[in-house]
>>> print(open('query_33.cif').read())   # mmCIF, C-alpha atoms and all ligand atoms
data_input
#
loop_
_atom_site.label_atom_id
_atom_site.label_comp_id
_atom_site.auth_asym_id
_atom_site.auth_seq_id
_atom_site.Cartn_x
_atom_site.Cartn_y
_atom_site.Cartn_z
CA MET A 2 81.54 97.57 115.99
CA LEU A 3 82.74 98.80 119.38
CA GLU A 4 86.54 98.50 119.59
CA ASN A 5 89.33 99.05 122.13
CA LYS A 6 86.87 99.24 124.99
CA THR A 7 87.11 97.96 128.54
CA ILE A 8 83.71 96.55 129.38
CA VAL A 9 81.96 95.13 132.42
CA LEU A 10 78.91 93.04 131.48
CA THR A 11 76.64 91.51 134.11
CA GLY A 12 74.34 88.59 133.36
CA ALA A 13 76.90 87.41 130.79
CA SER A 14 76.41 83.68 131.34
CA SER A 15 73.22 83.19 129.30
CA GLY A 16 70.50 84.70 127.15
CA ILE A 17 70.79 88.31 126.04
CA GLY A 18 74.01 88.87 128.05
CA LEU A 19 75.74 85.87 126.48
CA SER A 20 74.72 87.00 122.98
CA VAL A 21 76.04 90.52 123.74
CA LEU A 22 79.28 88.98 125.05
CA LYS A 23 79.75 86.98 121.83
CA LEU A 24 79.42 90.20 119.78
CA LEU A 25 81.60 92.38 122.00
CA LYS A 26 84.47 89.89 122.15
CA GLU A 27 84.79 90.18 118.35
CA GLY A 28 85.52 93.93 118.60
CA ARG A 29 89.26 94.53 118.12
CA GLY A 30 90.99 95.45 121.38
CA ASN A 31 87.87 94.94 123.52
CA ARG A 32 88.37 93.39 126.96
CA ILE A 33 85.30 92.19 128.81
CA LEU A 34 84.77 91.27 132.43
CA ALA A 35 81.92 88.75 132.08
CA VAL A 36 79.96 88.59 135.33
CA ALA A 37 77.33 86.10 136.54
CA ARG A 38 77.00 83.64 139.41
CA HIS A 39 77.84 80.67 137.15
CA VAL A 40 80.65 81.39 134.71
CA ASP A 41 82.61 78.12 134.37
CA HIS A 42 81.28 77.57 130.83
CA LEU A 43 82.65 80.99 129.76
CA ALA A 44 86.25 79.83 130.22
CA GLY A 45 87.98 79.49 126.86
CA MET A 46 85.80 82.04 125.05
CA GLY A 47 88.89 84.08 124.28
CA ASP A 48 91.81 85.89 125.92
CA ASN A 49 89.77 89.08 126.01
CA VAL A 50 86.90 87.51 128.01
CA ILE A 51 87.51 87.36 131.74
CA PRO A 52 84.78 85.32 133.47
CA PHE A 53 84.04 86.52 136.99
CA ALA A 54 81.67 84.72 139.36
CA CYS A 55 79.76 87.19 141.49
CA ASP A 56 76.24 87.70 142.82
CA ILE A 57 75.30 91.27 141.94
CA SER A 58 72.11 91.33 144.00
CA THR A 59 73.88 93.06 146.89
CA ARG A 60 75.85 96.30 147.15
CA GLU A 61 78.87 94.25 148.28
CA GLY A 62 78.55 92.20 145.07
CA VAL A 63 78.48 95.33 142.91
CA ASP A 64 81.46 96.74 144.88
CA THR A 65 83.37 93.51 144.16
CA VAL A 66 82.64 93.77 140.43
CA PHE A 67 83.85 97.40 140.32
CA ALA A 68 86.99 96.49 142.29
CA LYS A 69 87.75 93.67 139.84
CA GLY A 70 87.06 95.91 136.81
CA GLU A 71 89.34 98.64 138.18
CA GLU A 72 92.08 96.12 139.03
CA LEU A 73 91.97 94.69 135.49
CA PHE A 74 91.31 97.76 133.36
CA GLY A 75 91.89 100.89 135.40
CA LYS A 76 89.11 102.77 133.63
CA ILE A 77 85.86 101.01 132.73
CA ASP A 78 84.69 102.42 129.36
CA ILE A 79 81.33 100.63 129.35
CA PHE A 80 79.38 99.23 132.28
CA TYR A 81 76.45 97.13 131.07
CA ALA A 82 74.07 96.17 133.92
CA ASN A 83 72.07 93.43 132.22
CA ALA A 84 71.54 90.80 134.96
CA GLY A 85 67.96 90.35 136.11
CA PHE A 86 65.23 87.80 136.61
CA PRO A 87 61.42 87.53 136.59
CA TYR A 88 58.77 85.47 138.30
CA TYR A 89 55.51 84.54 136.59
CA GLU A 90 52.58 84.07 138.94
CA GLU A 91 49.26 85.38 140.12
CA PHE A 92 50.13 87.92 142.79
CA ASN A 93 47.95 86.61 145.60
CA TYR A 94 50.26 85.48 148.42
CA THR A 95 53.45 86.27 148.85
CA ASP A 96 57.05 85.05 148.99
CA TRP A 97 58.61 88.28 150.28
CA ASP A 98 62.14 86.92 150.01
CA ARG A 99 61.63 86.55 146.27
CA VAL A 100 60.17 90.06 145.98
CA ASP A 101 63.18 91.35 147.89
CA ALA A 102 65.66 89.43 145.69
CA MET A 103 63.94 90.61 142.50
CA PHE A 104 64.06 94.28 143.49
CA ARG A 105 67.65 94.01 144.72
CA THR A 106 68.78 92.36 141.46
CA ASN A 107 66.60 94.21 138.91
CA THR A 108 66.42 97.66 140.49
CA ILE A 109 68.55 98.51 143.52
CA SER A 110 71.82 97.07 142.18
CA PRO A 111 71.49 98.83 138.78
CA ILE A 112 70.70 102.12 140.57
CA TYR A 113 73.65 101.60 142.92
CA THR A 114 75.76 100.84 139.82
CA TYR A 115 74.96 104.31 138.45
CA ALA A 116 76.23 105.97 141.65
CA LYS A 117 79.36 103.79 141.69
CA TYR A 118 80.07 104.39 138.01
CA ILE A 119 79.78 108.19 138.36
CA ARG A 120 82.32 108.02 141.20
CA HIS A 121 84.54 105.68 139.20
CA LEU A 122 84.52 107.99 136.17
CA GLY A 123 85.30 111.08 138.25
CA GLY A 124 84.37 113.37 135.33
CA ARG A 125 85.78 111.19 132.55
CA PRO A 126 83.42 110.06 129.75
CA GLY A 127 81.70 106.72 130.04
CA ILE A 128 78.83 104.55 128.85
CA LEU A 129 76.26 103.00 131.16
CA ALA A 130 73.93 100.44 129.59
CA TYR A 131 70.85 98.93 131.18
CA THR A 132 68.62 96.07 130.13
CA ILE A 133 65.19 97.25 131.24
CA SER A 134 62.18 95.63 129.51
CA ALA A 135 59.14 96.36 127.39
CA ILE A 136 57.33 95.28 130.58
CA GLY A 137 58.98 98.30 132.24
CA GLU A 138 56.80 100.47 130.00
CA MET A 139 53.67 98.38 129.76
CA ALA A 140 52.75 96.05 132.61
CA MET A 141 51.64 92.50 131.97
CA PRO A 142 49.38 90.11 133.89
CA GLY A 143 51.45 87.49 135.73
CA TYR A 144 54.46 89.79 136.07
CA ALA A 145 53.29 92.27 138.74
CA ILE A 146 56.50 92.30 140.80
CA TYR A 147 58.79 92.01 137.80
CA SER A 148 56.87 94.83 136.04
CA ALA A 149 57.21 96.99 139.15
CA SER A 150 60.97 96.35 139.35
CA LYS A 151 61.43 97.33 135.69
CA PHE A 152 59.02 100.32 135.82
CA ALA A 153 61.19 101.59 138.68
CA MET A 154 64.26 101.30 136.45
CA ASN A 155 62.47 103.10 133.66
CA GLY A 156 61.60 105.96 136.01
CA PHE A 157 65.15 106.05 137.31
CA GLN A 158 66.78 106.28 133.87
CA GLN A 159 64.29 109.00 132.86
CA ALA A 160 65.04 111.14 135.92
CA ILE A 161 68.77 110.57 136.00
CA ARG A 162 69.16 111.73 132.39
CA LEU A 163 68.17 115.18 133.69
CA GLU A 164 70.99 115.11 136.26
CA LYS A 165 73.78 113.05 134.74
CA PRO A 166 77.08 114.48 133.51
CA GLU A 167 76.94 115.33 129.80
CA ASN A 168 79.78 112.99 128.94
CA LEU A 169 77.94 109.98 130.38
CA GLN A 170 75.95 108.07 127.76
CA ILE A 171 73.06 106.00 129.10
CA THR A 172 71.63 103.41 126.71
CA CYS A 173 68.60 101.38 127.79
CA LEU A 174 67.34 98.20 126.17
CA TYR A 175 63.59 97.42 126.15
CA PRO A 176 63.26 93.84 124.89
CA VAL A 177 59.92 92.13 124.38
CA ALA A 178 59.77 88.40 125.20
CA THR A 179 63.13 86.92 124.23
CA ASP A 180 63.85 83.22 124.00
CA THR A 181 66.30 82.80 126.90
CA ASN A 182 66.45 81.08 130.30
CA PHE A 183 64.21 83.92 131.52
CA PHE A 184 61.06 81.78 131.07
CA LYS A 185 62.58 78.76 132.84
CA VAL A 186 63.60 80.94 135.78
CA ALA A 187 60.14 82.55 135.80
CA ASN A 188 58.34 79.37 136.89
CA SER A 189 59.06 75.64 136.95
CA VAL A 190 55.54 75.02 135.62
CA GLU A 191 55.43 75.76 131.90
CA PHE A 192 53.45 78.80 130.71
CA GLU A 193 52.83 80.67 127.46
CA LYS A 194 55.27 83.44 126.62
CA PRO A 195 53.90 86.89 125.84
CA PHE A 196 53.64 87.73 122.13
CA PRO A 197 55.91 88.41 120.20
CA VAL A 198 59.04 86.35 121.00
CA GLN A 199 62.48 87.32 119.70
CA ASP A 200 65.86 85.65 119.38
CA PRO A 201 68.53 86.83 121.89
CA ASP A 202 71.13 87.23 119.10
CA HIS A 203 68.83 89.70 117.32
CA VAL A 204 68.19 91.62 120.56
CA ALA A 205 71.93 91.71 121.37
CA LYS A 206 72.81 92.97 117.87
CA LYS A 207 70.31 95.84 118.18
CA MET A 208 71.65 96.75 121.63
CA VAL A 209 75.32 96.71 120.61
CA GLU A 210 74.45 98.88 117.59
CA GLY A 211 72.47 101.20 119.90
CA ILE A 212 75.40 101.58 122.31
CA GLU A 213 77.69 102.27 119.39
CA LYS A 214 75.38 104.95 117.98
CA GLY A 215 74.89 106.58 121.38
CA ALA A 216 71.16 105.76 121.43
CA GLU A 217 69.19 106.55 124.58
CA ARG A 218 66.81 103.66 124.06
CA VAL A 219 66.81 100.47 122.04
CA SER A 220 63.54 98.66 121.25
CA PRO A 221 64.46 95.55 119.29
CA SER A 222 60.88 94.72 118.25
CA LYS A 223 59.51 96.94 115.46
CA LEU A 224 56.15 95.20 115.85
CA PHE A 225 55.94 96.19 119.51
CA GLY A 226 56.95 99.75 118.59
CA VAL A 227 54.08 99.98 116.09
CA ALA A 228 51.68 98.28 118.55
CA LYS A 229 52.62 100.81 121.25
CA VAL A 230 51.76 103.73 118.96
CA LEU A 231 48.51 102.02 118.00
CA MET A 232 47.65 101.37 121.65
CA GLY A 233 48.34 105.05 122.39
CA VAL A 234 45.86 106.28 119.79
CA ALA A 235 43.38 103.41 120.17
CA PRO A 236 43.41 102.18 123.79
CA PRO A 237 40.93 99.32 123.05
CA VAL A 238 43.80 97.64 121.13
CA ARG A 239 45.73 97.47 124.40
CA THR A 240 42.65 96.08 126.17
CA VAL A 241 42.42 93.31 123.54
CA TYR A 242 46.15 92.54 123.95
CA TRP A 243 45.88 92.52 127.74
CA ASN A 244 42.80 90.25 127.54
CA LEU A 245 44.79 87.77 125.45
CA GLU A 246 47.67 87.83 127.96
CA THR A 247 45.22 87.52 130.89
CA ALA A 248 43.71 84.45 129.20
CA LYS A 249 47.25 82.98 129.14
CA LEU A 250 47.59 83.67 132.88
CA ASN A 251 44.21 82.00 133.49
CA ARG A 252 45.31 78.93 131.53
CA PHE A 253 48.54 78.90 133.58
CA LYS A 254 46.54 79.12 136.83
CA LYS A 255 44.45 76.13 135.68
CA ARG A 256 47.65 74.18 134.79
CA LEU A 257 49.14 75.12 138.16
CA ALA A 258 45.98 73.91 139.94
CA ASP A 259 46.21 70.61 137.99
CA VAL A 260 49.87 70.24 138.92
CA HIS A 261 49.03 70.90 142.59
CA GLU A 262 46.19 68.37 142.40
CA HIS A 263 48.59 65.77 140.93
CA ILE A 264 51.14 66.53 143.64
CA GLN A 265 48.45 66.20 146.32
CA LYS A 266 47.37 62.85 144.85
CA ASP A 267 51.00 61.67 144.73
CA VAL A 268 51.49 62.81 148.33
CA GLN A 269 48.32 60.92 149.32
CA VAL A 270 49.51 57.73 147.56
CA ILE A 271 52.91 58.04 149.27
CA GLU A 272 51.17 58.56 152.63
CA GLU A 273 48.98 55.47 152.08
CA LYS A 274 52.05 53.43 151.10
CA ARG A 275 53.84 54.70 154.19
CA GLN A 276 50.87 53.63 156.34
CA GLU A 277 50.89 50.18 154.70
CA VAL A 278 54.61 49.78 155.35
CA ARG A 279 54.19 51.00 158.93
CA GLN A 280 51.36 48.47 159.44
CA ALA A 281 53.38 45.62 157.88
CA VAL A 282 56.41 46.46 160.03
CA ALA A 283 54.22 46.53 163.16
CA GLU A 284 52.70 43.14 162.27
CA LYS A 285 56.11 41.61 161.56
CA ARG A 286 57.44 43.03 164.81
CA GLN A 287 54.47 41.45 166.62
CA GLU A 288 55.09 38.10 164.89
CA VAL A 289 58.78 38.16 165.74
CA HIS A 290 57.99 39.17 169.29
CA GLN A 291 55.48 36.31 169.58
CA ALA A 292 57.88 33.80 168.05
CA LEU A 293 60.68 34.96 170.33
CA SER A 294 58.52 34.74 173.38
CA GLU A 295 57.30 31.22 172.43
CA THR A 296 60.90 30.11 171.78
CA GLU A 297 61.97 31.66 175.05
CA GLN A 298 59.19 29.89 176.97
CA ALA A 299 60.00 26.56 175.31
CA ALA A 300 63.70 27.01 176.08
CA ARG A 301 62.88 27.89 179.68
CA ARG A 302 60.62 24.82 180.03
CA ASP A 303 63.34 22.67 178.51
CA LEU A 304 65.95 24.11 180.87
CA GLU A 305 63.69 23.66 183.86
CA GLN A 306 63.07 20.01 182.88
CA LYS A 307 66.79 19.43 182.45
CA ALA A 308 67.52 21.09 185.80
CA ALA A 309 64.86 18.91 187.50
CA HIS A 310 66.36 15.83 185.88
CA ILE A 311 69.88 16.77 187.03
CA ARG A 312 68.57 17.41 190.53
CA GLU A 313 66.93 13.94 190.57
CA GLU A 314 70.17 12.32 189.34
CA PHE A 315 72.11 14.26 191.93
CA GLU A 316 69.78 13.06 194.69
CA GLU A 317 70.14 9.49 193.46
CA ILE A 318 73.96 9.75 193.45
CA LYS A 319 73.89 11.29 196.91
CA ASP A 320 71.72 8.40 198.16
CA LYS A 321 74.10 5.88 196.63
CA ILE A 322 77.11 7.51 198.29
CA HIS A 323 75.42 7.51 201.63
CA GLY A 324 74.38 3.86 201.04
CA ASN A 325 70.68 4.37 201.13
N1 LIG B 401 64.02 87.16 128.06
C1 LIG B 401 63.08 88.10 128.07
O1 LIG B 401 61.95 87.87 127.62
C2 LIG B 401 63.37 89.47 128.63
C3 LIG B 401 62.51 90.52 128.26
C4 LIG B 401 62.76 91.78 128.77
C5 LIG B 401 63.84 92.01 129.61
N2 LIG B 401 64.67 90.97 129.93
C6 LIG B 401 65.80 91.27 130.82
O2 LIG B 401 66.99 90.88 130.15
C7 LIG B 401 68.01 90.63 131.11
C8 LIG B 401 68.69 89.33 130.79
O3 LIG B 401 67.76 88.27 130.91
P1 LIG B 401 67.72 87.04 129.89
O4 LIG B 401 66.43 87.09 129.19
O5 LIG B 401 68.95 86.98 129.10
O6 LIG B 401 67.59 85.85 130.93
P2 LIG B 401 68.65 84.73 131.37
O7 LIG B 401 69.04 83.90 130.20
O8 LIG B 401 68.03 84.05 132.53
O9 LIG B 401 69.92 85.56 131.82
C9 LIG B 401 69.97 86.23 133.06
C10 LIG B 401 71.42 86.49 133.39
O10 LIG B 401 71.50 87.22 134.61
C11 LIG B 401 72.38 86.53 135.49
N3 LIG B 401 71.97 86.77 136.87
C12 LIG B 401 70.73 86.62 137.42
N4 LIG B 401 70.76 86.94 138.71
C13 LIG B 401 72.04 87.30 139.00
C14 LIG B 401 72.71 87.71 140.18
N5 LIG B 401 72.06 87.82 141.34
N6 LIG B 401 74.03 87.99 140.13
C15 LIG B 401 74.70 87.86 138.95
N7 LIG B 401 74.13 87.49 137.79
C16 LIG B 401 72.82 87.20 137.83
C17 LIG B 401 72.25 85.06 135.08
O11 LIG B 401 73.41 84.33 135.43
P3 LIG B 401 73.56 83.37 136.72
O12 LIG B 401 72.25 82.68 136.91
O13 LIG B 401 74.70 82.48 136.34
O14 LIG B 401 73.91 84.29 137.83
C18 LIG B 401 72.21 85.21 133.56
O15 LIG B 401 73.52 85.37 133.06
C19 LIG B 401 67.32 90.67 132.48
O16 LIG B 401 67.53 91.91 133.09
C20 LIG B 401 65.86 90.50 132.12
O17 LIG B 401 65.02 91.07 133.10
C21 LIG B 401 64.45 89.73 129.45
#
>>> encode(input="query_33.cif", output="structure tokens", more="lines below")
Ligand SMILES: NC(=O)c1ccc[n+]([C@@H]2O[C@H](COP(=O)([O-])OP(=O)(O)OC[C@H]3O[C@@H](n4cnc5c(N)ncnc54)[C@H](OP(=O)(O)O)[C@@H]3O)[C@@H](O)[C@H]2O)c1
Amino acid sequence: MLENKTIVLTGASSGIGLSVLKLLKEGRGNRILAVARHVDHLAGMGDNVIPFACDISTREGVDTVFAKGEELFGKIDIFYANAGFPYYEEFNYTDWDRVDAMFRTNTISPIYTYAKYIRHLGGRPGILAYTISAIGEMAMPGYAIYSASKFAMNGFQQAIRLEKPENLQITCLYPVATDTNFFKVANSVEFEKPFPVQDPDHVAKKMVEGIEKGAERVSPSKLFGVAKVLMGVAPPVRTVYWNLETAKLNRFKKRLADVHEHIQKDVQVIEEKRQEVRQAVAEKRQEVHQALSETEQAARRDLEQKAAHIREEFEEIKDKIHGN
């Protein structure tokens, strides 16, 4: 178990990051800056866990995390850039803000972190850990942008190993589907996860062991490892796998179309109800208007009659006074 280490861990509030945090906090003498946007629930995890709310999707965010780590620890022994998010969809539109946010969070910030960490270390030894993805090595239907953001990270770690200082360890995690919030974030409409699915505690254990052993890469799924070799020697196996995953995307597209149809129907019903209410209000307004105008006319007639009566009485009184 890693001990007496100062650690910065991003994406610590749930899933793989939270499982890693739970393991690291047990290491004697470890102190961990636990970073995510929502960290309230991390309070009370232990004196050695310092929750820190920060959005790491910008360079300013990453700067803030480094500044906090340096203020707390001086030297950061391990920087684990784990935060990231996917989106599951057919790539046929697009929401460019989401593409931008995904690349900033999954790719640009982790690359910027490397540059910052090298400067922070200033020649001292250190450990940089990345959560990449099995999808960063083998693309999947429904994850085009996410795959691209993780392929970029895979290329970056490969190239940077050829340039990095010798005393910098870089350990990369390549999880297959892992049962975390990942799939809730990926789309609000439910979809089938890629096969196989692993538990985040298992993935975290493999990664912490990998960091400890100085591994360059950690693939927590043996099955996927075997499948990758098989796909390499027999590409039709990959085609079969991809076909199965494409069928899942097609079923998702059908479900999405059904959901849209339901929403459209609901919107139509709401619109019809709104029309009915509008019509009823207009009719009531008309009735009230009519009633008011009839009442007003009756009151006017009544007043006019009373005025005529008073005038007659007045004339009579006048006549009496003048003795007519
Ligand atoms: N689950 C999988 O199947 C799978 C497979 C391969 C790779 N991965 C990778 O594993 C990593 C962890 O994902 P997960 O599966 O554990 O999903 P998760 O449960 O959704 O965790 C994602 C973590 O990242 C944090 N995060 C997201 N955007 C952030 C931002 N802009 N600033 C700061 N923190 C941010 C989230 O916290 P807040 O929302 O509180 O900020 C959360 O702590 C990601 O890089 C993901 O791409 C996951």
>>> closest_atom_pairs(input="query_33.cif", of="chain A", to="ligand LIG 401 (chain B)", cutoff="7 Å", atoms="only C-alpha atoms and all ligand atoms", output="tab-separated table")
residue	atom	partner	partner_atom	distance
A:Thr11	CA	B:LIG401	N7	6.0
A:Gly12	CA	B:LIG401	O15	3.3
A:Ala13	CA	B:LIG401	O15	4.6
A:Ser14	CA	B:LIG401	O15	3.8
A:Ser15	CA	B:LIG401	O7	4.3
A:Gly16	CA	B:LIG401	O5	3.4
A:Ile17	CA	B:LIG401	O5	3.8
A:Gly18	CA	B:LIG401	O5	5.5
A:Leu19	CA	B:LIG401	O15	7.0
A:Val36	CA	B:LIG401	N7	6.4
A:Ala37	CA	B:LIG401	N7	3.7
A:Arg38	CA	B:LIG401	O14	3.5
A:His39	CA	B:LIG401	O13	3.7
A:Val40	CA	B:LIG401	O13	6.3
A:Cys55	CA	B:LIG401	C15	5.7
A:Asp56	CA	B:LIG401	N6	3.5
A:Ile57	CA	B:LIG401	N6	4.0
A:Ser58	CA	B:LIG401	N5	4.4
A:Asn83	CA	B:LIG401	O16	4.9
A:Ala84	CA	B:LIG401	O10	3.6
A:Gly85	CA	B:LIG401	O16	3.4
A:Phe86	CA	B:LIG401	O17	4.8
A:Pro87	CA	B:LIG401	O17	6.1
A:Thr106	CA	B:LIG401	N5	5.6
A:Asn107	CA	B:LIG401	O16	6.3
A:Thr132	CA	B:LIG401	O16	5.2
A:Ile133	CA	B:LIG401	C5	5.7
A:Ser134	CA	B:LIG401	C4	4.0
A:Ala135	CA	B:LIG401	C4	6.0
A:Ile136	CA	B:LIG401	C4	6.7
A:Tyr175	CA	B:LIG401	C4	6.3
A:Pro176	CA	B:LIG401	C4	4.4
A:Val177	CA	B:LIG401	C3	4.9
A:Ala178	CA	B:LIG401	O1	3.3
A:Thr179	CA	B:LIG401	O1	3.7
A:Asp180	CA	B:LIG401	N1	5.7
A:Thr181	CA	B:LIG401	O7	4.4
A:Asn182	CA	B:LIG401	O7	3.8
A:Phe183	CA	B:LIG401	O6	3.9
A:Phe184	CA	B:LIG401	N1	6.8
A:Val186	CA	B:LIG401	O8	6.3
>>> residues_around(input="query_33.cif", residues="Ala153 in chain A", least_positions_apart="6", cutoff="12 Å", atoms="all atoms listed in the file", output="number ranges by chain")
A: 103-105, 107-109, 111-112, 133-134, 136-138, 140, 146-147, 159-160
>>> closest_atom_pairs(input="query_33.cif", of="range 87-134 of chain A", to="range 65-74 of chain A", cutoff="12 Å", atoms="only C-alpha atoms", output="Markdown table")
| residue | atom | partner | partner_atom | distance |
| --- | --- | --- | --- | --- |
| A:Ser110 | CA | A:Val66 | CA | 11.4 |
| A:Tyr113 | CA | A:Phe67 | CA | 11.3 |
| A:Thr114 | CA | A:Phe67 | CA | 8.8 |
| A:Tyr115 | CA | A:Phe67 | CA | 11.4 |
| A:Ala116 | CA | A:Phe67 | CA | 11.5 |
| A:Lys117 | CA | A:Phe67 | CA | 7.9 |
| A:Tyr118 | CA | A:Phe67 | CA | 8.3 |
| A:Ile119 | CA | A:Phe67 | CA | 11.7 |
| A:Arg120 | CA | A:Phe67 | CA | 10.8 |
| A:His121 | CA | A:Phe67 | CA | 8.4 |
| A:Leu122 | CA | A:Glu71 | CA | 10.7 |
>>> write_last_selection(input="query_33.cif", atoms="C-alpha atoms", output="compact mmCIF listing (two decimals), keeping the file's coordinate frame")
# COMPACT_ATOMS: atom_id res chain seq x y z
CA SER A 110 71.82 97.07 142.18
CA TYR A 113 73.65 101.60 142.92
CA THR A 114 75.76 100.84 139.82
CA TYR A 115 74.96 104.31 138.45
CA ALA A 116 76.23 105.97 141.65
CA LYS A 117 79.36 103.79 141.69
CA TYR A 118 80.07 104.39 138.01
CA ILE A 119 79.78 108.19 138.36
CA ARG A 120 82.32 108.02 141.20
CA HIS A 121 84.54 105.68 139.20
CA LEU A 122 84.52 107.99 136.17
>>> atom_distance(input="query_33.cif", atom1="CA of Phe157 in chain A", atom2="CA of Gln199 in chain A")
25.8 Å
>>> closest_residue(input="query_33.cif", among="A:Leu250, A:Val234, A:Ala309, A:Leu174", to="Met208 in chain A", atoms="only C-alpha atoms")
A:Leu174
>>> residues_around(input="query_33.cif", residues="Met139 in chain A", least_positions_apart="4", cutoff="10 Å", atoms="all atoms listed in the file", output="list of chain:residue names")
A:Ser134, A:Ala135, A:Ser148, A:Lys151, A:Phe152, A:Lys229, A:Arg239, A:Trp243
>>> axis_aligned_box(input="query_33.cif", around="range 221-238 of chain A", padding_each_side="8 Å", output="AutoDock Vina command-line options")
--center_x 52.7 --center_y 100.5 --center_z 119.6 --size_x 39.5 --size_y 27.6 --size_z 24.3
>>> atom_distance(input="query_33.cif", atom1="CA of Ile171 in chain A", atom2="CA of Val209 in chain A")
12.8 Å
>>> decode(input="query_33.cif", residues="range 6-54 of chain A", atoms="C-alpha atoms", output="compact mmCIF listing (two decimals), in the first residue's frame")
# COMPACT_ATOMS: atom_id res chain seq x y z
CA LYS A 6 2.48 10.30 0.18
CA THR A 7 1.00 13.69 -0.59
CA ILE A 8 -1.61 13.12 -3.26
CA VAL A 9 -3.87 15.22 -5.44
CA LEU A 10 -6.79 13.21 -6.84
CA THR A 11 -9.31 14.74 -9.25
CA GLY A 12 -12.75 13.26 -9.79
CA ALA A 13 -12.67 12.06 -6.18
CA SER A 14 -16.36 12.56 -5.44
CA SER A 15 -17.73 9.41 -7.10
CA GLY A 16 -17.07 6.24 -9.06
CA ILE A 17 -13.49 5.15 -9.68
CA GLY A 18 -12.05 8.28 -8.01
CA LEU A 19 -14.05 7.75 -4.82
CA SER A 20 -12.98 4.08 -4.68
CA VAL A 21 -9.33 5.14 -5.17
CA LEU A 22 -9.75 7.75 -2.43
CA LYS A 23 -11.09 5.14 0.01
CA LEU A 24 -8.01 2.96 -0.61
CA LEU A 25 -5.44 5.77 -0.49
CA LYS A 26 -6.75 7.24 2.76
CA GLU A 27 -5.96 3.90 4.47
CA GLY A 28 -2.25 4.23 3.60
CA ARG A 29 -0.31 5.32 6.71
CA GLY A 30 0.81 8.95 6.49
CA ASN A 31 -1.00 9.62 3.20
CA ARG A 32 -2.63 13.04 2.78
CA ILE A 33 -5.03 13.50 -0.09
CA LEU A 34 -6.46 16.62 -1.68
CA ALA A 35 -9.78 15.25 -2.99
CA VAL A 36 -10.97 17.38 -5.90
CA ALA A 37 -14.34 17.53 -7.68
CA ARG A 38 -17.05 20.13 -8.21
CA HIS A 39 -19.27 18.60 -5.51
CA VAL A 40 -17.35 17.51 -2.43
CA ASP A 41 -19.65 18.20 0.55
CA HIS A 42 -20.25 14.47 1.08
CA LEU A 43 -16.48 13.87 1.41
CA ALA A 44 -16.32 15.86 4.66
CA GLY A 45 -15.67 13.55 7.60
CA MET A 46 -13.88 10.86 5.57
CA GLY A 47 -10.80 11.33 7.73
CA ASP A 48 -8.26 13.94 8.83
CA ASN A 49 -6.03 13.00 5.92
CA VAL A 50 -8.72 13.70 3.28
CA ILE A 51 -9.05 17.35 2.33
CA PRO A 52 -12.10 17.89 0.09
CA PHE A 53 -11.62 20.71 -2.40
CA ALA A 54 -14.39 21.98 -4.68
